[in-house]
Amino acid sequence: ARATAGRPADEEVSSDSETESPLLGRRRRREAAEEEVEETPQEKKLRLAKQYLEELRQLEEERAEEEEELEPADLIGDRLKEDVLEQKGRLQRLVAKDVQPPDPARIRVLRGHQLPVTCLVISPDDRFIFSASKDGSLIKCKWEVDSGKRLCVVPGGKKGTEEQNMGHASHVLCMAISSDGKYLATGDRNKLIMIWDAATCKRLHIFTGHRDAVSGLSFRKGTHQLYSASHDRCVKVWDVGENAYVETLFGHQDVITGLDSLSRECCVTAGGRDGTVRLWKIPEESQLVFSGHQGSIDCIQLINEEHMMSGADDGSLALWGLTKKKPLVLVRQAHGEQGAQGLQQPCWISAVAALRNSDLLATGSHSGSVKLWKCGEGFRKLEHLLDIPLVGFVNSLKFSAAGDFLVAGIGQEHRLGRWWRIKEAKNSICIIPLKQKTTASSPESPGSS
């Protein structure tokens, strides 16, 4: 990684030459470890814990100056307790029961994409939305949430002109933003990953090496480590801060359609028609295989560090615990059926979203609505809460970090193909406000181990 750190901005970084060496990532980590001062794992753990506590103490002391009635020690204790629960996948804020149906008149529609919106992300501070579409222009839009203004447009170009045009020259299928809001990553059908400065929309790097469409991207929380998934069936790991390729992992038997990660050094993927969801443990270079859907698994998201959800084109929605190979809950035909009598087909699940560390989930399809769900105690029940009418393919769904709004990327066509068009749909971004009955929420559900 260090050897590439001096590369000029926007130089291509390829993983091609290194994919032949499966031990590369492990070797690099060993070399890095040898360069460090001799320190046992226990000593390192203790040092990092002390450093973390000191940072927390400083942060809470600053807060306590503003809120004198609260003791810093109490705040640190609460924060540490939350962090422990989050790491164990047991921090579950119970907010679903308080969500009210949104007023349709208050749903804001942002227009600007000529072709179907395929993906979007919300900045960590909930102030901006980045979106992209099949017109290849990226970041076709950076939107300001409060005003709905379009702040930035990066036009696309013809295939092979990416260097000159700064934008993508083919369908953008996925994007991710780092948890500090610094970097934006986008992946396209032409095998390219582009890294952007999120504040200025300036392109920084192009990563090459995937041999087919890039279909999933996620930054590991709290780092600039980027995971990418592709129709070439592999997962790649990149260090965006160092502008470097790290390693490649293989396992899926069909195209990978989606990917997600949180703060652990692992990611989860949806494997299309191979019928599996996989958990990749990056340091061990190993994987766990989960199965339960009948159709092509098209979307996936982690709810917390121990649970995830996925959706398939057989209409099923699955809720998983990372320690069990079969779904904890499987809802068949979650968005109903469509088609003439005798020819009904389940509505495909094209997008899933979770309000992190809570019991509130959302799913999208082409059924005419986004559905909100309440996750039952112990993640063993899924209860349908309400429908939000939206016409078109719901290709992307994201909750704001605060949980006060949901954003949907709408298209006349499905994100991954052109099987049919919904002509009355508008290619757009919809911002859906989520009202709550009360602001109270419980930090932990006792049964959600």
# chains A, B, ... in the order shown; residues from 1 in each chain; ligands from 1
call {"tool": "residues_around", "arguments": {"residues": "Ser263 in chain A", "least_positions_apart": "5", "cutoff": "8 Å", "atoms": "only C-alpha atoms", "output": "PDB file with all heavy atoms, in the first residue's frame"}}
result
ATOM      1  N   ARG A 220     -16.154   0.635   4.849  1.00  0.00           N
ATOM      2  CA  ARG A 220     -16.207   0.136   6.220  1.00  0.00           C
ATOM      3  C   ARG A 220     -16.318   1.335   7.152  1.00  0.00           C
ATOM      4  O   ARG A 220     -15.563   2.312   7.032  1.00  0.00           O
ATOM      5  CB  ARG A 220     -14.938  -0.664   6.520  1.00  0.00           C
ATOM      6  CG  ARG A 220     -14.914  -1.258   7.902  1.00  0.00           C
ATOM      7  CD  ARG A 220     -13.622  -2.030   8.114  1.00  0.00           C
ATOM      8  NE  ARG A 220     -13.419  -2.283   9.532  1.00  0.00           N
ATOM      9  CZ  ARG A 220     -12.236  -2.439  10.102  1.00  0.00           C
ATOM     10  NH1 ARG A 220     -11.134  -2.346   9.365  1.00  0.00           N
ATOM     11  NH2 ARG A 220     -12.142  -2.669  11.384  1.00  0.00           N
ATOM     12  N   LYS A 221     -17.279   1.282   8.060  1.00  0.00           N
ATOM     13  CA  LYS A 221     -17.565   2.399   8.959  1.00  0.00           C
ATOM     14  C   LYS A 221     -16.329   2.781   9.779  1.00  0.00           C
ATOM     15  O   LYS A 221     -15.623   1.913  10.299  1.00  0.00           O
ATOM     16  CB  LYS A 221     -18.711   1.992   9.899  1.00  0.00           C
ATOM     17  CG  LYS A 221     -19.251   3.117  10.753  1.00  0.00           C
ATOM     18  CD  LYS A 221     -20.405   2.609  11.601  1.00  0.00           C
ATOM     19  CE  LYS A 221     -20.791   3.591  12.682  1.00  0.00           C
ATOM     20  NZ  LYS A 221     -21.789   3.044  13.607  1.00  0.00           N
ATOM     21  N   GLY A 222     -16.059   4.088   9.853  1.00  0.00           N
ATOM     22  CA  GLY A 222     -14.935   4.577  10.641  1.00  0.00           C
ATOM     23  C   GLY A 222     -13.588   4.467   9.944  1.00  0.00           C
ATOM     24  O   GLY A 222     -12.556   4.761  10.537  1.00  0.00           O
ATOM     25  N   GLU A 305     -24.729  -5.126  13.549  1.00  0.00           N
ATOM     26  CA  GLU A 305     -23.545  -5.975  13.369  1.00  0.00           C
ATOM     27  C   GLU A 305     -23.862  -7.470  13.349  1.00  0.00           C
ATOM     28  O   GLU A 305     -23.000  -8.277  13.001  1.00  0.00           O
ATOM     29  CB  GLU A 305     -22.520  -5.687  14.472  1.00  0.00           C
ATOM     30  CG  GLU A 305     -21.941  -4.283  14.452  1.00  0.00           C
ATOM     31  CD  GLU A 305     -20.927  -4.047  13.335  1.00  0.00           C
ATOM     32  OE1 GLU A 305     -20.731  -4.946  12.492  1.00  0.00           O
ATOM     33  OE2 GLU A 305     -20.345  -2.953  13.299  1.00  0.00           O
TER      34      GLU A 305
END
call {"tool": "residues_around", "arguments": {"residues": "Lys437 in chain A", "least_positions_apart": "4", "cutoff": "7 Å", "atoms": "only C-alpha atoms", "output": "ChimeraX atom specification"}}
result
/A:98-100
call {"tool": "residues_around", "arguments": {"residues": "Tyr245 in chain A", "least_positions_apart": "5", "cutoff": "8 Å", "atoms": "only C-alpha atoms", "output": "list in words"}}
result
Ala1, Val13, Ser14, Ser15, Lys236, Val237, Trp238 and Asp239 of chain A
call {"tool": "residues_around", "arguments": {"residues": "range 121-128 of chain A", "least_positions_apart": "3", "cutoff": "7 Å", "atoms": "only C-alpha atoms", "output": "PDB file with N, CA and C atoms, in the first residue's frame"}}
result
ATOM      1  N   SER A 131     -26.885  11.175  -6.062  1.00  0.00           N
ATOM      2  CA  SER A 131     -27.627  10.189  -6.835  1.00  0.00           C
ATOM      3  C   SER A 131     -27.004  10.014  -8.211  1.00  0.00           C
ATOM      4  N   LYS A 142     -25.874  16.244  -6.852  1.00  0.00           N
ATOM      5  CA  LYS A 142     -25.687  16.378  -5.403  1.00  0.00           C
ATOM      6  C   LYS A 142     -26.802  17.333  -5.005  1.00  0.00           C
ATOM      7  N   TRP A 143     -27.682  16.887  -4.150  1.00  0.00           N
ATOM      8  CA  TRP A 143     -28.850  17.678  -3.773  1.00  0.00           C
ATOM      9  C   TRP A 143     -28.720  18.150  -2.329  1.00  0.00           C
ATOM     10  N   GLU A 144     -29.235  19.321  -2.044  1.00  0.00           N
ATOM     11  CA  GLU A 144     -29.331  19.793  -0.664  1.00  0.00           C
ATOM     12  C   GLU A 144     -30.691  19.369  -0.132  1.00  0.00           C
ATOM     13  N   VAL A 145     -30.699  18.654   0.979  1.00  0.00           N
ATOM     14  CA  VAL A 145     -31.951  18.088   1.493  1.00  0.00           C
ATOM     15  C   VAL A 145     -32.963  19.186   1.851  1.00  0.00           C
ATOM     16  N   MET A 175     -23.222   3.196  -5.384  1.00  0.00           N
ATOM     17  CA  MET A 175     -22.378   4.238  -4.785  1.00  0.00           C
ATOM     18  C   MET A 175     -22.313   4.048  -3.282  1.00  0.00           C
ATOM     19  N   ALA A 176     -21.279   4.653  -2.692  1.00  0.00           N
ATOM     20  CA  ALA A 176     -21.093   4.585  -1.238  1.00  0.00           C
ATOM     21  C   ALA A 176     -20.400   5.857  -0.795  1.00  0.00           C
ATOM     22  N   ILE A 177     -20.655   6.252   0.457  1.00  0.00           N
ATOM     23  CA  ILE A 177     -19.989   7.429   1.021  1.00  0.00           C
ATOM     24  C   ILE A 177     -19.314   7.021   2.323  1.00  0.00           C
ATOM     25  N   SER A 179     -17.911   7.154   6.165  1.00  0.00           N
ATOM     26  CA  SER A 179     -18.668   7.588   7.354  1.00  0.00           C
ATOM     27  C   SER A 179     -18.251   8.966   7.848  1.00  0.00           C
ATOM     28  N   ASP A 180     -17.086   9.478   7.393  1.00  0.00           N
ATOM     29  CA  ASP A 180     -16.717  10.855   7.739  1.00  0.00           C
ATOM     30  C   ASP A 180     -17.163  11.849   6.664  1.00  0.00           C
ATOM     31  N   GLY A 181     -17.840  11.344   5.632  1.00  0.00           N
ATOM     32  CA  GLY A 181     -18.366  12.217   4.577  1.00  0.00           C
ATOM     33  C   GLY A 181     -17.318  12.750   3.616  1.00  0.00           C
ATOM     34  N   LYS A 398     -32.829   4.635   1.158  1.00  0.00           N
ATOM     35  CA  LYS A 398     -31.916   4.943   2.250  1.00  0.00           C
ATOM     36  C   LYS A 398     -32.657   5.740   3.323  1.00  0.00           C
ATOM     37  N   SER A 400     -32.387   8.365   6.486  1.00  0.00           N
ATOM     38  CA  SER A 400     -31.452   9.351   7.034  1.00  0.00           C
ATOM     39  C   SER A 400     -30.908   8.792   8.347  1.00  0.00           C
ATOM     40  N   ALA A 401     -29.714   9.254   8.746  1.00  0.00           N
ATOM     41  CA  ALA A 401     -29.094   8.738   9.974  1.00  0.00           C
ATOM     42  C   ALA A 401     -29.990   8.975  11.188  1.00  0.00           C
TER      43      ALA A 401
END
call {"tool": "closest_residue", "arguments": {"among": "A:Val95, A:Ile193, A:Ala199, A:Ile303", "to": "Ala213 in chain A", "atoms": "only C-alpha atoms"}}
result
A:Ile193
call {"tool": "closest_residue", "arguments": {"among": "A:Ile432, A:Leu360, A:Val391, A:Val246", "to": "Leu94 in chain A", "atoms": "only C-alpha atoms"}}
result
A:Leu360
call {"tool": "residues_around", "arguments": {"residues": "Gly403 in chain A", "least_positions_apart": "3", "cutoff": "9 Å", "atoms": "only C-alpha atoms", "output": "list in words"}}
result
Val95, Leu355, Arg356, Phe399, Ser400, Leu406 and Leu434 of chain A
call {"tool": "residues_around", "arguments": {"residues": "Ala270 in chain A", "least_positions_apart": "3", "cutoff": "8 Å", "atoms": "only C-alpha atoms", "output": "compact mmCIF listing (two decimals) with N, CA and C atoms, in the first residue's frame"}}
result
# COMPACT_ATOMS: atom_id res chain seq x y z
N ILE A 256 -22.74 -10.93 -8.50
CA ILE A 256 -23.07 -10.33 -7.21
C ILE A 256 -23.89 -9.08 -7.50
N THR A 257 -25.02 -8.93 -6.83
CA THR A 257 -25.95 -7.83 -7.14
C THR A 257 -25.94 -6.72 -6.11
N GLY A 258 -25.38 -6.99 -4.92
CA GLY A 258 -25.38 -5.96 -3.89
C GLY A 258 -24.40 -6.32 -2.78
N LEU A 259 -24.00 -5.29 -2.02
CA LEU A 259 -23.01 -5.47 -0.96
C LEU A 259 -23.25 -4.44 0.14
N THR A 276 -27.53 -17.50 -2.91
CA THR A 276 -26.90 -17.38 -1.59
C THR A 276 -26.62 -15.93 -1.22
N VAL A 277 -26.61 -15.71 0.08
CA VAL A 277 -26.12 -14.48 0.69
C VAL A 277 -24.83 -14.89 1.39
N ARG A 278 -23.78 -14.05 1.32
CA ARG A 278 -22.51 -14.44 1.94
C ARG A 278 -21.98 -13.36 2.87
N ILE A 297 -31.35 -13.11 -5.83
CA ILE A 297 -31.26 -12.20 -4.68
C ILE A 297 -30.65 -10.89 -5.18
N ASP A 298 -31.44 -9.82 -5.17
CA ASP A 298 -31.05 -8.58 -5.85
C ASP A 298 -30.62 -7.44 -4.93
N CYS A 299 -30.86 -7.55 -3.63
CA CYS A 299 -30.51 -6.43 -2.74
C CYS A 299 -30.29 -6.96 -1.33
N ILE A 300 -29.43 -6.23 -0.59
CA ILE A 300 -29.05 -6.68 0.75
C ILE A 300 -28.64 -5.48 1.60
N SER A 310 -32.50 -9.15 3.13
CA SER A 310 -32.27 -9.26 1.70
C SER A 310 -33.60 -9.44 0.97
call {"tool": "closest_residue", "arguments": {"among": "A:Glu377, A:Asp274, A:Glu55, A:Asp254", "to": "Ser358 in chain A", "atoms": "only C-alpha atoms"}}
result
A:Glu377
call {"tool": "closest_residue", "arguments": {"among": "A:Gly411, A:Gly315, A:Gly376, A:Gly157", "to": "Arg93 in chain A", "atoms": "only C-alpha atoms"}}
result
A:Gly376
call {"tool": "atom_distance", "arguments": {"atom1": "CA of Ser286 in chain A", "atom2": "CA of Phe250 in chain A"}}
result
9.4 Å
call {"tool": "closest_residue", "arguments": {"among": "A:Leu382, A:Ala132, A:Leu361, A:Cys267", "to": "Cys119 in chain A", "atoms": "only C-alpha atoms"}}
result
A:Ala132
call {"tool": "atom_distance", "arguments": {"atom1": "CA of Glu284 in chain A", "atom2": "CA of Ala351 in chain A"}}
result
29.8 Å
call {"tool": "closest_residue", "arguments": {"among": "A:Arg57, A:Phe207, A:His414, A:Gly409", "to": "Gly112 in chain A", "atoms": "only C-alpha atoms"}}
result
A:Gly409
call {"tool": "atom_distance", "arguments": {"atom1": "CA of Ala229 in chain A", "atom2": "CA of Ser215 in chain A"}}
result
5.8 Å
call {"tool": "decode", "arguments": {"residues": "range 151-195 of chain A", "atoms": "N, CA and C atoms", "output": "compact mmCIF listing (two decimals), in the first residue's frame"}}
result
# COMPACT_ATOMS: atom_id res chain seq x y z
N LEU A 151 -26.95 20.88 -6.45
CA LEU A 151 -25.72 21.64 -6.21
C LEU A 151 -24.60 21.30 -7.18
N CYS A 152 -24.65 20.11 -7.75
CA CYS A 152 -23.50 19.67 -8.53
C CYS A 152 -23.95 18.66 -9.59
N VAL A 153 -23.45 18.82 -10.81
CA VAL A 153 -23.72 17.86 -11.87
C VAL A 153 -22.39 17.56 -12.57
N VAL A 154 -22.07 16.27 -12.68
CA VAL A 154 -20.88 15.89 -13.45
C VAL A 154 -21.38 15.12 -14.67
N PRO A 155 -21.27 15.71 -15.85
CA PRO A 155 -21.82 15.04 -17.04
C PRO A 155 -21.01 13.80 -17.43
N GLY A 156 -21.69 12.84 -18.02
CA GLY A 156 -21.02 11.63 -18.51
C GLY A 156 -20.53 11.85 -19.92
N GLY A 157 -20.01 10.80 -20.52
CA GLY A 157 -19.52 10.89 -21.89
C GLY A 157 -19.68 9.57 -22.61
N LYS A 158 -19.00 9.41 -23.74
CA LYS A 158 -19.03 8.15 -24.47
C LYS A 158 -18.03 7.18 -23.87
N LYS A 159 -18.28 5.88 -24.07
CA LYS A 159 -17.40 4.85 -23.53
C LYS A 159 -15.97 5.09 -24.01
N GLY A 160 -15.02 4.98 -23.08
CA GLY A 160 -13.63 5.19 -23.43
C GLY A 160 -13.16 6.63 -23.25
N THR A 161 -14.11 7.52 -22.92
CA THR A 161 -13.73 8.94 -22.74
C THR A 161 -13.74 9.35 -21.27
N GLU A 162 -13.76 8.36 -20.37
CA GLU A 162 -13.87 8.68 -18.93
C GLU A 162 -12.75 9.60 -18.46
N GLU A 163 -11.54 9.40 -19.00
CA GLU A 163 -10.40 10.21 -18.58
C GLU A 163 -10.64 11.69 -18.85
N GLN A 164 -11.18 12.00 -20.04
CA GLN A 164 -11.38 13.41 -20.41
C GLN A 164 -12.62 14.01 -19.76
N ASN A 165 -13.69 13.21 -19.63
CA ASN A 165 -14.98 13.76 -19.24
C ASN A 165 -15.22 13.88 -17.74
N MET A 166 -14.40 13.20 -16.94
CA MET A 166 -14.55 13.20 -15.49
C MET A 166 -15.73 12.36 -15.00
N GLY A 167 -16.75 12.18 -15.83
CA GLY A 167 -17.91 11.39 -15.39
C GLY A 167 -17.85 9.97 -15.92
N HIS A 168 -18.86 9.18 -15.56
CA HIS A 168 -18.96 7.81 -16.07
C HIS A 168 -19.49 7.83 -17.50
N ALA A 169 -19.13 6.81 -18.27
CA ALA A 169 -19.61 6.72 -19.65
C ALA A 169 -20.59 5.56 -19.83
N SER A 170 -21.04 4.98 -18.73
CA SER A 170 -22.06 3.93 -18.80
C SER A 170 -22.89 3.99 -17.52
N HIS A 171 -23.92 3.12 -17.45
CA HIS A 171 -24.83 3.12 -16.29
C HIS A 171 -24.05 3.07 -14.98
N VAL A 172 -24.36 3.98 -14.08
CA VAL A 172 -23.82 3.89 -12.71
C VAL A 172 -24.76 2.98 -11.93
N LEU A 173 -24.23 1.92 -11.32
CA LEU A 173 -25.08 0.94 -10.65
C LEU A 173 -25.07 1.03 -9.13
N CYS A 174 -24.01 1.66 -8.57
CA CYS A 174 -23.91 1.65 -7.11
C CYS A 174 -23.04 2.81 -6.63
N MET A 175 -23.22 3.20 -5.38
CA MET A 175 -22.38 4.24 -4.78
C MET A 175 -22.31 4.05 -3.28
N ALA A 176 -21.28 4.65 -2.69
CA ALA A 176 -21.09 4.58 -1.24
C ALA A 176 -20.40 5.86 -0.80
N ILE A 177 -20.66 6.25 0.46
CA ILE A 177 -19.99 7.43 1.02
C ILE A 177 -19.31 7.02 2.32
N SER A 178 -18.11 7.53 2.57
CA SER A 178 -17.39 7.16 3.79
C SER A 178 -18.09 7.78 5.00
N SER A 179 -17.91 7.15 6.16
CA SER A 179 -18.67 7.59 7.35
C SER A 179 -18.25 8.97 7.85
N ASP A 180 -17.09 9.48 7.39
CA ASP A 180 -16.72 10.85 7.74
C ASP A 180 -17.16 11.85 6.66
N GLY A 181 -17.84 11.34 5.63
CA GLY A 181 -18.37 12.22 4.58
C GLY A 181 -17.32 12.75 3.62
N LYS A 182 -16.10 12.23 3.68
CA LYS A 182 -15.00 12.77 2.86
C LYS A 182 -15.02 12.23 1.43
N TYR A 183 -15.16 10.91 1.30
CA TYR A 183 -15.07 10.28 -0.01
C TYR A 183 -16.41 9.72 -0.48
N LEU A 184 -16.65 9.84 -1.79
CA LEU A 184 -17.79 9.20 -2.44
C LEU A 184 -17.22 8.23 -3.46
N ALA A 185 -17.75 7.00 -3.50
CA ALA A 185 -17.30 6.02 -4.49
C ALA A 185 -18.49 5.65 -5.37
N THR A 186 -18.23 5.49 -6.68
CA THR A 186 -19.30 5.11 -7.62
C THR A 186 -18.80 4.00 -8.53
N GLY A 187 -19.69 3.07 -8.87
CA GLY A 187 -19.31 1.94 -9.72
C GLY A 187 -20.23 1.85 -10.93
N ASP A 188 -19.67 1.48 -12.09
CA ASP A 188 -20.50 1.47 -13.30
C ASP A 188 -20.48 0.14 -14.03
N ARG A 189 -21.30 0.09 -15.08
CA ARG A 189 -21.43 -1.12 -15.89
C ARG A 189 -20.16 -1.40 -16.69
N ASN A 190 -19.32 -0.38 -16.84
CA ASN A 190 -18.09 -0.50 -17.62
C ASN A 190 -16.88 -0.88 -16.75
N LYS A 191 -17.14 -1.56 -15.60
CA LYS A 191 -16.12 -2.16 -14.73
C LYS A 191 -15.30 -1.15 -13.92
N LEU A 192 -15.67 0.13 -13.96
CA LEU A 192 -14.86 1.15 -13.29
C LEU A 192 -15.42 1.56 -11.93
N ILE A 193 -14.52 1.88 -11.00
CA ILE A 193 -14.89 2.50 -9.73
C ILE A 193 -14.24 3.88 -9.73
N MET A 194 -15.03 4.92 -9.47
CA MET A 194 -14.48 6.27 -9.39
C MET A 194 -14.59 6.77 -7.96
N ILE A 195 -13.55 7.44 -7.51
CA ILE A 195 -13.51 8.00 -6.15
C ILE A 195 -13.57 9.52 -6.28
